[in-house]
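What follows is a set of notes on a single structure, which appears directly below.
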Amino acid sequence: MKKFKMYLVMLVLSMLLPIRVSAQAVKGRLVDESNHPLPYANVVLLSLPDSAFVTGTISGEDGAFSLEATSENQILKISSIGYKTVYKPISPAHIGIVQLVSDAQMLGEVVVKANLPVTRIKNDALETNVQGTVLSKAGTAEDVLAHIPGLQKKADGFEVLGKGAPLIYINGRKMRDAAELDQLSSEEISRVEVIRNPGAAYDATVGAVVRIRTVKRQGDGFGMNLRSFYDQSQNADFTEQIDMNYRHNSLDIFGMLSFEKTQNRQKDILEQTTWADTIWTQSNYQQSDLNYRGLDGRIGFNYDFSERHSVGVRYDLSTSLDNKMFTDFDSEVQADGKLYDILHSSIDSKATSKPEHQLNIYYAGQIGKGQLAWDADYYSHRYNQLSVNAEESEEHSNRTVTSDNRVDNELFATKASFSHPLWGGSISVGGEYTYTDRHDDYVNPEGYVPTAFSRIREKNLAGFVQFSRPLPFGQANVGVRYEHVDFDYFESGNHIPGQSRVYDDFFPNVSLNAQIGKMQLMLSYGAKTQRPNYSQLRNNITYANRFTWQTGNPLLKPSTTHDITAVGVWRFLQAMVSYKVVQDYILYWGTQVEGQSATTLINYVNHHRLPSLTVMLAASPSIGIWNLNASAVLMKQWFSLEAAGQHRTYNNPLFVGSINNTFNLPAGFLFSADFSYQSCGQVQNITLKRPQYTLNLGLRKSFFNDALSVEARANDLLLGCKQEALLYMERAQMKDLSWSDTRSFSLTVRYKFNAAKSKYKGTGAGQDAINRM
């Protein structure tokens with residue numbers, strides 16, 4: 001009887017043991033050779049002895065992972081590109097810290113000094129490592145992005161080639177002002193991630209995302225970072241900036257103050273022909289000088305209640321001390337080949353504004369196995385632009401055209417998301433609400449153009465779900481976003497039903513990552529929308545001269561984009577192919593003013609369809625003291641329309657190439673030589689008639705263990721940034737040759753004392769609406 005009871009107990013224990021194991025969570029944390037957290041590594045549970053895939057996950061931002069074991073006969077496989085694969089038994093369940101070491105064989109024969117491939121696929125992004133590479137000495141975040149494969153620096157920001165202007169995040173917080181890129185030192189950047197098909201968690205208007213991750217600083221105390229920048233072209237520009245940070249235990253207080261003075265000069269030679277009842281021809285020369293002085297300030301704090309919960313507040317204040325532009329505009333006008341008039345315009349513009357306010361509040365915390373993030377944003381900006389255009393005519397009457405444009409922007413936005421492990425992967429659900437209110441009043445006392453009082457009020461409510469799961473060969477992501485947009489347009493205080501709309505749309509996305517040997521592959525599809533910005537929707541008319549006006553179009557519809565992208569990475573080589581189709585594309589256009597056929601009204605219209613293909617090849621090897629970052633991009637569209645009396649096609653491809661070289665010289669000097677080139681080609685209904693090229697040289701030296709650094713640069717030495725564009729409209733053509741004072745010499749001096757980067761974790765909300773303002 002005793003033996004029977006003993007057998008019974010053993011039988012029950014044998015039945016309970018696998019039940020206990022099946023409910024057992026296997027946990028650990030991954031670090032690299034420098035003991036830094038190793039995020040996005042693949043952690044897979046395999047059965048024994050056949051090594052069959054059971055379940056898997058990826059390590060979090062802190063390197064931590066957790067998954068459920070279903071049997072004692074299982075083993076963990078931990079892998080990440082550039083590191084040796086590690087196998088660990090699941091007993092004990094709390095594995096602790098696991099350190100991964102670099103795999104030298106994966107670096108390739110050409111790479112001599114780098115410890116890791118420079119660019120690789122990480123989850124949904126192409127990730128470029130910055131810390132510990134020559135990119136960390138590039139200067140500012142703006143300089144770093146200019147060296148990232150597939151990113152192109154433009155006069156008004158950055159463009160992900162083939163995808164458009166990206167939304168930029170810094171440590172998960174949406175960048176509010178492009179000046180932040182100039183204010184962030186390259187030495188503070190850990191890595192840059194470029195997402196070419198953003199998932200459902202991002203606004204449906206976002207065609208590409210750039211995420212900047214900064215170096216995590218440890219320790220308490222006071223830190224300070226000083227920067228002085230001087231640039232000499234035809235005019236002198238300079239920036240003075242101080243960053244401060246104080247950290248004690250769980251409290252982190254940070255602040256920034258920056259003063260900027262810029263003077264820009266731009267010249268244009270414009271030729272315009274209008275085919276109306278008379279053939280009107282204009283030969284125009286324009287020179288504009290912009291003078292700006294401004295102050296930017298920032299203050300905030302971050303408090304960690306524990307490792308699982310943190311809150312923070314950030315307040316940004318910007319004010320313009322001086323914002324003036326003076327333009328000389330000379331025109332020779334012919335009618336049917338005979339001289340009609342010679343015009344000279346002197347345009348004096350001055351913008352005055354109240355301070356620009358931006359407030360962000362966030363909470364980030366862990367609830368059980370889930371992660372909760374919440375943000376709220378408030379934005380306010382009011383400005384007034386007064387312009388006086390004194391137009392003198394040799395053959396007809398003179399005119400003085402005065403315009404008073406008053407704009408009042410206000411925004412409130414909030415966003416919440418919750419992520420939790422599910423079915424061996426992770427699910428993220430969330431919602432976002434944005435309210436914007438914009439008043440735009442334009443008054444012309446003389447009555448040459450209509451006076452307009454308009455208001456735009458928009459409410460955007462969105463919800464999303466995104467699921468990701470590791471697979472035996474990679475990872476799969478699938479998601480969908482729903483957006484309800486209520487757009488109301490008012491004119492002179494009256495609601496205009498024909499220009500007010502309601503949109504209800506779903507935007508799906510799916511991506512699949514795979515690793516075949518040493519090659520990484522990613523295939524993705526996403527649906528996006530592009531809503532017209534508020535300037536494109538405006539109803540007021542800007543007066544250039546009596547033959548050219550400019551306005552917006554309140555009847556514009558949002559465009560929809562369907563995008564398929566494939567990316568491959570092998571050692572130091574990257575390749576990308578993207579095909580997209582844009583429905584209701586927003587096109588720069590021009591029509592004749594009713595009753596004044598000689599006057600062209602520049603505006604915007606929707607075009608039914610625009611397909612395009614983008615192909616990119618990039619390489620980033622390091623050979624001895626030489627670090628190369630080269631890329632070649634080909635962009636091809638299929639586009640045609642009726643313009644200026646005939647059917648026109650715009651199918652000529654556009655080539656963009658860059659060769660960025662950095663040399664580590666003796667005595668700690670760093671020398672850079674960067675060359676970029678853009679060919680002739682066609683973009684939308686614009687033909688680029690002149691190739692553009694830029695050569696920049698730089699020399700950097702640091703002192704006192706990198707506490708002090710001095711960098712000298714020569715920019716656009718070949719003066720190749722001239723742009724010549726030809727645009728056909730309904731009954732007119734416009735040809736513009738433009739250039740500015742881009743050839744310059746600059747000097748940057750930085751000094752940092754115990755600098756500690758803020759741990760602020762706010763992600764921001766409503767940034768797309770702010771950009772549209």
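In the structure tokens, chains take letters A, B, ... by order of appearance, with residues numbered from 1 within each chain and ligands from 1 in the order shown.
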
Would you list the contacts of segment 381-389 of chain A as a PyMOL selection string, taking every protein, DNA or RNA residue within 7 Å and counting only C-alpha atoms, but skipping same-chain residues closer than 4 positions in sequence?
chain A and resi 345-357+400-410

Do you know which residues are at most 6 Å from Gln682 of chain A counting only C-alpha atoms, after dropping those on the same chain fewer than 3 positions away, and could you put them as a list in words?
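The residues that qualify are Tyr650, Asn652, Ile686, Thr687 and Leu688 of chain A.
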
Looking at only C-alpha atoms, which of A:Ala527, A:Arg700, A:Gly365, A:Thr274 is the one that sits closest to Ala643 of chain A?
A:Thr274

Can you tell me, as an MDAnalysis selection string, which residues in segment 107-300 of chain A count as helix (DSSP H, G or I) by DSSP?
chainID A and resid 107 134:137 141:145 179:183 186:188

Kindly save the residues from that selection, with all heavy atoms included, as a short mmCIF file (atom, residue, chain, number, x, y, z; two decimals), in the first residue's frame.
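The result, stored in selection-v8.cif:
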data_model
loop_
_atom_site.label_atom_id
_atom_site.label_comp_id
_atom_site.auth_asym_id
_atom_site.auth_seq_id
_atom_site.Cartn_x
_atom_site.Cartn_y
_atom_site.Cartn_z
N LEU A 107 32.39 40.88 -40.60
CA LEU A 107 32.73 42.24 -40.96
C LEU A 107 33.16 42.35 -42.40
O LEU A 107 33.18 43.42 -42.98
CB LEU A 107 33.85 42.76 -40.04
CG LEU A 107 33.50 42.71 -38.54
CD1 LEU A 107 34.65 43.25 -37.73
CD2 LEU A 107 32.24 43.49 -38.26
N VAL A 134 33.23 57.39 -37.25
CA VAL A 134 33.60 58.76 -37.64
C VAL A 134 32.37 59.67 -37.71
O VAL A 134 32.51 60.90 -37.62
CB VAL A 134 34.32 58.76 -39.00
CG1 VAL A 134 35.66 58.09 -38.88
CG2 VAL A 134 33.48 58.07 -40.07
N LEU A 135 31.18 59.10 -37.84
CA LEU A 135 29.98 59.93 -37.88
C LEU A 135 29.78 60.68 -36.56
O LEU A 135 29.15 61.73 -36.54
CB LEU A 135 28.74 59.08 -38.18
CG LEU A 135 28.57 58.62 -39.63
CD1 LEU A 135 27.30 57.78 -39.77
CD2 LEU A 135 28.51 59.80 -40.57
N SER A 136 30.29 60.12 -35.46
CA SER A 136 30.14 60.80 -34.17
C SER A 136 30.94 62.10 -34.13
O SER A 136 30.72 62.94 -33.25
CB SER A 136 30.58 59.88 -33.03
OG SER A 136 31.97 59.60 -33.12
N LYS A 137 31.85 62.29 -35.07
CA LYS A 137 32.66 63.52 -35.14
C LYS A 137 32.17 64.43 -36.26
O LYS A 137 32.87 65.38 -36.64
CB LYS A 137 34.13 63.18 -35.37
CG LYS A 137 34.70 62.16 -34.39
CD LYS A 137 34.65 62.64 -32.96
CE LYS A 137 35.27 61.62 -32.00
NZ LYS A 137 35.17 62.05 -30.59
N ALA A 141 23.68 66.87 -35.48
CA ALA A 141 22.77 65.84 -36.00
C ALA A 141 22.43 66.10 -37.46
O ALA A 141 22.24 65.16 -38.23
CB ALA A 141 21.49 65.82 -35.15
N GLU A 142 22.38 67.35 -37.85
CA GLU A 142 22.13 67.69 -39.25
C GLU A 142 23.24 67.15 -40.14
O GLU A 142 22.99 66.62 -41.23
CB GLU A 142 22.02 69.21 -39.39
CG GLU A 142 21.60 69.68 -40.75
CD GLU A 142 21.32 71.17 -40.78
OE1 GLU A 142 20.39 71.60 -40.06
OE2 GLU A 142 22.02 71.89 -41.49
N ASP A 143 24.48 67.25 -39.68
CA ASP A 143 25.61 66.72 -40.44
C ASP A 143 25.57 65.19 -40.50
O ASP A 143 25.94 64.59 -41.52
CB ASP A 143 26.93 67.18 -39.83
CG ASP A 143 27.06 68.69 -39.82
OD1 ASP A 143 26.74 69.31 -40.84
OD2 ASP A 143 27.47 69.26 -38.79
N VAL A 144 25.14 64.55 -39.44
CA VAL A 144 25.04 63.09 -39.42
C VAL A 144 24.01 62.62 -40.43
O VAL A 144 24.26 61.70 -41.23
CB VAL A 144 24.68 62.59 -38.00
CG1 VAL A 144 24.35 61.10 -38.03
CG2 VAL A 144 25.85 62.84 -37.04
N LEU A 145 22.82 63.24 -40.42
CA LEU A 145 21.76 62.81 -41.34
C LEU A 145 22.18 62.99 -42.79
O LEU A 145 21.76 62.21 -43.66
CB LEU A 145 20.48 63.59 -41.06
CG LEU A 145 19.80 63.37 -39.71
CD1 LEU A 145 18.46 64.07 -39.66
CD2 LEU A 145 19.64 61.89 -39.40
N ALA A 179 15.54 73.36 -36.06
CA ALA A 179 16.74 73.88 -35.40
C ALA A 179 17.30 72.89 -34.38
O ALA A 179 18.48 72.97 -34.01
CB ALA A 179 16.43 75.21 -34.71
N GLU A 180 16.47 71.94 -33.93
CA GLU A 180 16.95 70.96 -32.96
C GLU A 180 18.07 70.10 -33.54
O GLU A 180 18.95 69.63 -32.81
CB GLU A 180 15.80 70.07 -32.50
CG GLU A 180 14.78 70.78 -31.63
CD GLU A 180 13.78 69.81 -31.04
OE1 GLU A 180 14.20 68.83 -30.40
OE2 GLU A 180 12.56 70.03 -31.21
N LEU A 181 18.04 69.86 -34.86
CA LEU A 181 19.11 69.08 -35.49
C LEU A 181 20.44 69.80 -35.41
O LEU A 181 21.49 69.19 -35.26
CB LEU A 181 18.75 68.78 -36.94
CG LEU A 181 17.56 67.86 -37.18
CD1 LEU A 181 17.30 67.72 -38.67
CD2 LEU A 181 17.78 66.49 -36.55
N ASP A 182 20.39 71.11 -35.54
CA ASP A 182 21.61 71.90 -35.44
C ASP A 182 22.06 72.05 -34.00
O ASP A 182 23.25 72.29 -33.73
CB ASP A 182 21.36 73.28 -36.08
CG ASP A 182 22.63 74.11 -36.16
OD1 ASP A 182 23.61 73.64 -36.75
OD2 ASP A 182 22.63 75.23 -35.61
N GLN A 183 21.13 71.90 -33.07
CA GLN A 183 21.46 72.07 -31.65
C GLN A 183 21.97 70.79 -31.01
O GLN A 183 22.55 70.82 -29.92
CB GLN A 183 20.22 72.57 -30.90
CG GLN A 183 19.77 73.96 -31.33
CD GLN A 183 18.34 74.27 -30.92
OE1 GLN A 183 17.67 73.45 -30.27
NE2 GLN A 183 17.86 75.45 -31.28
N SER A 186 26.71 65.65 -32.73
CA SER A 186 26.84 64.30 -33.27
C SER A 186 27.40 63.33 -32.25
O SER A 186 27.14 62.13 -32.30
CB SER A 186 27.72 64.32 -34.52
OG SER A 186 29.01 64.82 -34.22
N GLU A 187 28.20 63.82 -31.30
CA GLU A 187 28.79 62.95 -30.29
C GLU A 187 27.76 62.41 -29.31
O GLU A 187 28.02 61.44 -28.60
CB GLU A 187 29.87 63.72 -29.52
CG GLU A 187 31.07 64.10 -30.40
CD GLU A 187 32.11 64.85 -29.61
OE1 GLU A 187 31.78 65.37 -28.52
OE2 GLU A 187 33.26 64.92 -30.08
N GLU A 188 26.59 63.05 -29.28
CA GLU A 188 25.53 62.59 -28.39
C GLU A 188 24.64 61.53 -29.05
O GLU A 188 23.72 61.02 -28.42
CB GLU A 188 24.66 63.78 -27.96
CG GLU A 188 25.39 64.85 -27.18
CD GLU A 188 25.78 64.38 -25.80
OE1 GLU A 188 25.28 63.33 -25.35
OE2 GLU A 188 26.61 65.05 -25.16
#

Would you work out the distance separating atom CA of Arg399 of chain A from atom CA of Ile541 of chain A, expressed in Å to one decimal?
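If I compute the distance from atom CA of Arg399 of chain A to atom CA of Ile541 of chain A, I get 16.6 Å.
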
Please provide as a count of residues only all residues within 6 Å of segment 507-519 of chain A, with the sequence filter that same-chain residues fewer than 5 positions apart are discarded (counting only C-alpha atoms).
16

Which residues, written as number ranges by chain, have at least one atom at most 9 Å from Val194 of chain A, with only C-alpha atoms counted and residues fewer than 3 positions away on the same chain left out?
A: 124-128, 148, 150-151, 160, 166, 208-212

My list of candidates is A:Lys153, A:Arg455, A:Arg191, A:Arg609. Which is closest to Gly132 of chain A when distances are computed with only C-alpha atoms?
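Closest to Gly132 of chain A, using only C-alpha atoms: A:Arg191.
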
Would you mind reading off the distance between atom CA of Val101 of chain A and atom CA of Lys88 of chain A, one decimal, in Å?
14.8 Å

Name the residues in contact with Tyr482 of chain A at a cut-off of 6 Å, using only C-alpha atoms, excluding same-chain residues fewer than 3 positions from it; report them as JSON, numbers by chain.
{"A": [462, 463, 505, 506]}

Go ahead and write the residues just picked, N, CA and C atoms, as an mmCIF file, in the first residue's frame.
data_model
loop_
_atom_site.group_PDB
_atom_site.id
_atom_site.type_symbol
_atom_site.label_atom_id
_atom_site.label_comp_id
_atom_site.auth_asym_id
_atom_site.auth_seq_id
_atom_site.Cartn_x
_atom_site.Cartn_y
_atom_site.Cartn_z
ATOM 1 N N ALA A 462 -7.823 59.100 -34.237
ATOM 2 C CA ALA A 462 -7.211 57.924 -34.858
ATOM 3 C C ALA A 462 -7.072 56.808 -33.835
ATOM 4 N N GLY A 463 -7.144 55.569 -34.333
ATOM 5 C CA GLY A 463 -6.865 54.386 -33.534
ATOM 6 C C GLY A 463 -6.032 53.418 -34.348
ATOM 7 N N ASP A 505 -10.977 56.756 -43.058
ATOM 8 C CA ASP A 505 -10.084 55.922 -43.863
ATOM 9 C C ASP A 505 -9.347 54.910 -42.996
ATOM 10 N N PHE A 506 -9.057 53.739 -43.612
ATOM 11 C CA PHE A 506 -8.201 52.724 -43.012
ATOM 12 C C PHE A 506 -6.888 52.680 -43.782
#

So that I can see what lies close to Gln574 of chain A, please list as a CSV table (one decimal) with N, CA and C atoms, in the first residue's frame the residues with an atom at most 12 Å from it, counting only C-alpha atoms and leaving out residues fewer than 4 positions away in the same chain.
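Below is the file that was written, part.csv:
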chain,number,residue,atom,x,y,z
A,117,PRO,N,28.9,46.1,-38.8
A,117,PRO,CA,28.5,46.8,-40.0
A,117,PRO,C,27.9,48.1,-39.7
A,118,VAL,N,28.1,49.1,-40.5
A,118,VAL,CA,27.7,50.5,-40.3
A,118,VAL,C,26.2,50.6,-40.4
A,119,THR,N,25.6,49.9,-41.4
A,119,THR,CA,24.1,50.0,-41.5
A,119,THR,C,23.6,48.5,-41.6
A,120,ARG,N,22.4,48.3,-40.9
A,120,ARG,CA,21.8,47.0,-40.9
A,120,ARG,C,20.3,47.1,-40.7
A,121,ILE,N,19.6,46.1,-41.0
A,121,ILE,CA,18.2,46.0,-40.8
A,121,ILE,C,17.9,45.7,-39.3
A,126,LEU,N,16.2,50.6,-41.2
A,126,LEU,CA,17.6,50.5,-41.6
A,126,LEU,C,18.3,51.4,-40.5
A,127,GLU,N,19.1,50.7,-39.7
A,127,GLU,CA,19.8,51.3,-38.6
A,127,GLU,C,21.3,51.6,-38.9
A,128,THR,N,21.7,52.8,-38.7
A,128,THR,CA,23.1,53.2,-38.9
A,128,THR,C,23.7,53.5,-37.6
A,148,ILE,N,23.7,59.7,-44.0
A,148,ILE,CA,23.0,58.5,-43.9
A,148,ILE,C,22.5,58.0,-45.3
A,149,PRO,N,22.7,56.8,-45.7
A,149,PRO,CA,22.3,56.3,-47.0
A,149,PRO,C,20.8,56.5,-47.2
A,150,GLY,N,20.5,57.1,-48.4
A,150,GLY,CA,19.1,57.3,-48.8
A,150,GLY,C,18.5,58.6,-48.3
A,519,MET,N,23.0,37.8,-45.3
A,519,MET,CA,22.2,38.8,-45.9
A,519,MET,C,20.9,39.0,-45.2
A,520,GLN,N,20.5,40.3,-45.0
A,520,GLN,CA,19.3,40.6,-44.4
A,520,GLN,C,18.3,41.2,-45.5
A,521,LEU,N,17.1,40.8,-45.4
A,521,LEU,CA,16.1,41.2,-46.4
A,521,LEU,C,14.8,41.8,-45.6
A,522,MET,N,14.2,42.7,-46.2
A,522,MET,CA,12.9,43.2,-45.7
A,522,MET,C,12.0,43.6,-46.8
A,566,ALA,N,11.3,47.0,-51.0
A,566,ALA,CA,12.2,45.9,-50.6
A,566,ALA,C,13.6,46.4,-50.3
A,567,VAL,N,14.2,45.9,-49.2
A,567,VAL,CA,15.5,46.4,-48.7
A,567,VAL,C,16.4,45.2,-48.5
A,568,GLY,N,17.6,45.3,-48.9
A,568,GLY,CA,18.6,44.2,-48.6
A,568,GLY,C,19.9,44.8,-48.1
A,569,VAL,N,20.5,44.1,-47.1
A,569,VAL,CA,21.8,44.5,-46.6
A,569,VAL,C,22.7,43.3,-46.6
A,570,TRP,N,23.9,43.5,-47.1
A,570,TRP,CA,24.9,42.4,-47.1
A,570,TRP,C,26.3,43.1,-46.7
A,615,VAL,N,15.3,53.3,-56.9
A,615,VAL,CA,16.3,52.3,-56.7
A,615,VAL,C,17.5,52.9,-56.1
A,616,MET,N,18.0,52.3,-55.0
A,616,MET,CA,19.2,52.8,-54.3
A,616,MET,C,20.2,51.7,-54.0
A,617,LEU,N,21.5,52.1,-54.2
A,617,LEU,CA,22.6,51.3,-53.9
A,617,LEU,C,23.5,52.1,-53.0
A,618,ALA,N,24.0,51.5,-51.9
A,618,ALA,CA,24.9,52.3,-51.0
A,618,ALA,C,26.0,51.3,-50.4
A,619,ALA,N,27.1,51.9,-50.1
A,619,ALA,CA,28.2,51.2,-49.5
A,619,ALA,C,28.9,52.0,-48.5
A,620,SER,N,29.3,51.4,-47.4
A,620,SER,CA,30.0,52.1,-46.3
A,620,SER,C,31.1,51.3,-45.7
A,621,PRO,N,32.2,51.1,-46.4
A,621,PRO,CA,33.3,50.3,-45.9
A,621,PRO,C,34.3,51.2,-45.2
A,629,ASN,N,31.5,56.5,-47.4
A,629,ASN,CA,30.0,56.4,-47.4
A,629,ASN,C,29.5,56.9,-48.7
A,630,ALA,N,29.2,56.0,-49.6
A,630,ALA,CA,28.8,56.3,-51.0
A,630,ALA,C,27.4,55.8,-51.3
A,631,SER,N,26.6,56.5,-52.1
A,631,SER,CA,25.3,56.0,-52.5
A,631,SER,C,24.9,56.5,-53.9
A,632,ALA,N,24.1,55.8,-54.5
A,632,ALA,CA,23.6,56.1,-55.9
A,632,ALA,C,22.1,55.8,-55.9
A,633,VAL,N,21.3,56.8,-56.3
A,633,VAL,CA,19.9,56.6,-56.3
A,633,VAL,C,19.3,57.0,-57.7

So that I can check the surroundings of Met635 of chain A, please list as a list in words every protein, DNA and RNA residue that reaches within 8 Å of it, counting only C-alpha atoms and ignoring chain neighbours fewer than 6 positions away.
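Within the cut-off, the hits are Gly162, Ser612, Leu613, Thr614, Val615, Pro653, Leu654 and Phe655 of chain A.
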
Calculated over only C-alpha atoms, which of the candidates A:Ser66, A:Asn123, A:Ser709, A:Thr591 has the smallest distance to Ser185 of chain A?
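With only C-alpha atoms as the atom set, the closest residue is A:Ser709.
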
Would you tabulate, counting only C-alpha atoms, all residues of segment 384-439 of chain A that have an atom at most 12 Å from an atom of segment 488-503 of chain A, showing the closest pair of atoms and their distance in Å to one decimal, sorted by chain then ascending number, as JSON lines?
{"residue": "A:Tyr435", "atom": "CA", "partner": "A:Asp488", "partner_atom": "CA", "distance": 11.6}
{"residue": "A:Thr436", "atom": "CA", "partner": "A:Asp488", "partner_atom": "CA", "distance": 10.6}
{"residue": "A:Asp437", "atom": "CA", "partner": "A:Asp488", "partner_atom": "CA", "distance": 9.7}
{"residue": "A:Arg438", "atom": "CA", "partner": "A:Tyr489", "partner_atom": "CA", "distance": 9.9}
{"residue": "A:His439", "atom": "CA", "partner": "A:Phe490", "partner_atom": "CA", "distance": 9.2}

Best match for closeness to Asn715 of chain A among A:Tyr693, A:Tyr728, A:Trp374, A:Phe329, counting only C-alpha atoms:
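Checking each candidate against Asn715 of chain A, we get A:Tyr693 as the closest.
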
For atom CA of Trp280 of chain A and atom CA of Glu394 of chain A, the interatomic separation in Å (one decimal)
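Atom-to-atom, atom CA of Trp280 of chain A to atom CA of Glu394 of chain A, that is 17.1 Å.
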
Using only C-alpha atoms, find the one residue out of A:Val710, A:Asn398, A:Tyr83, A:Asp504 that sits nearest to Leu30 of chain A.
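Among A:Val710, A:Asn398, A:Tyr83, A:Asp504, it is A:Tyr83 that comes nearest to Leu30 of chain A.
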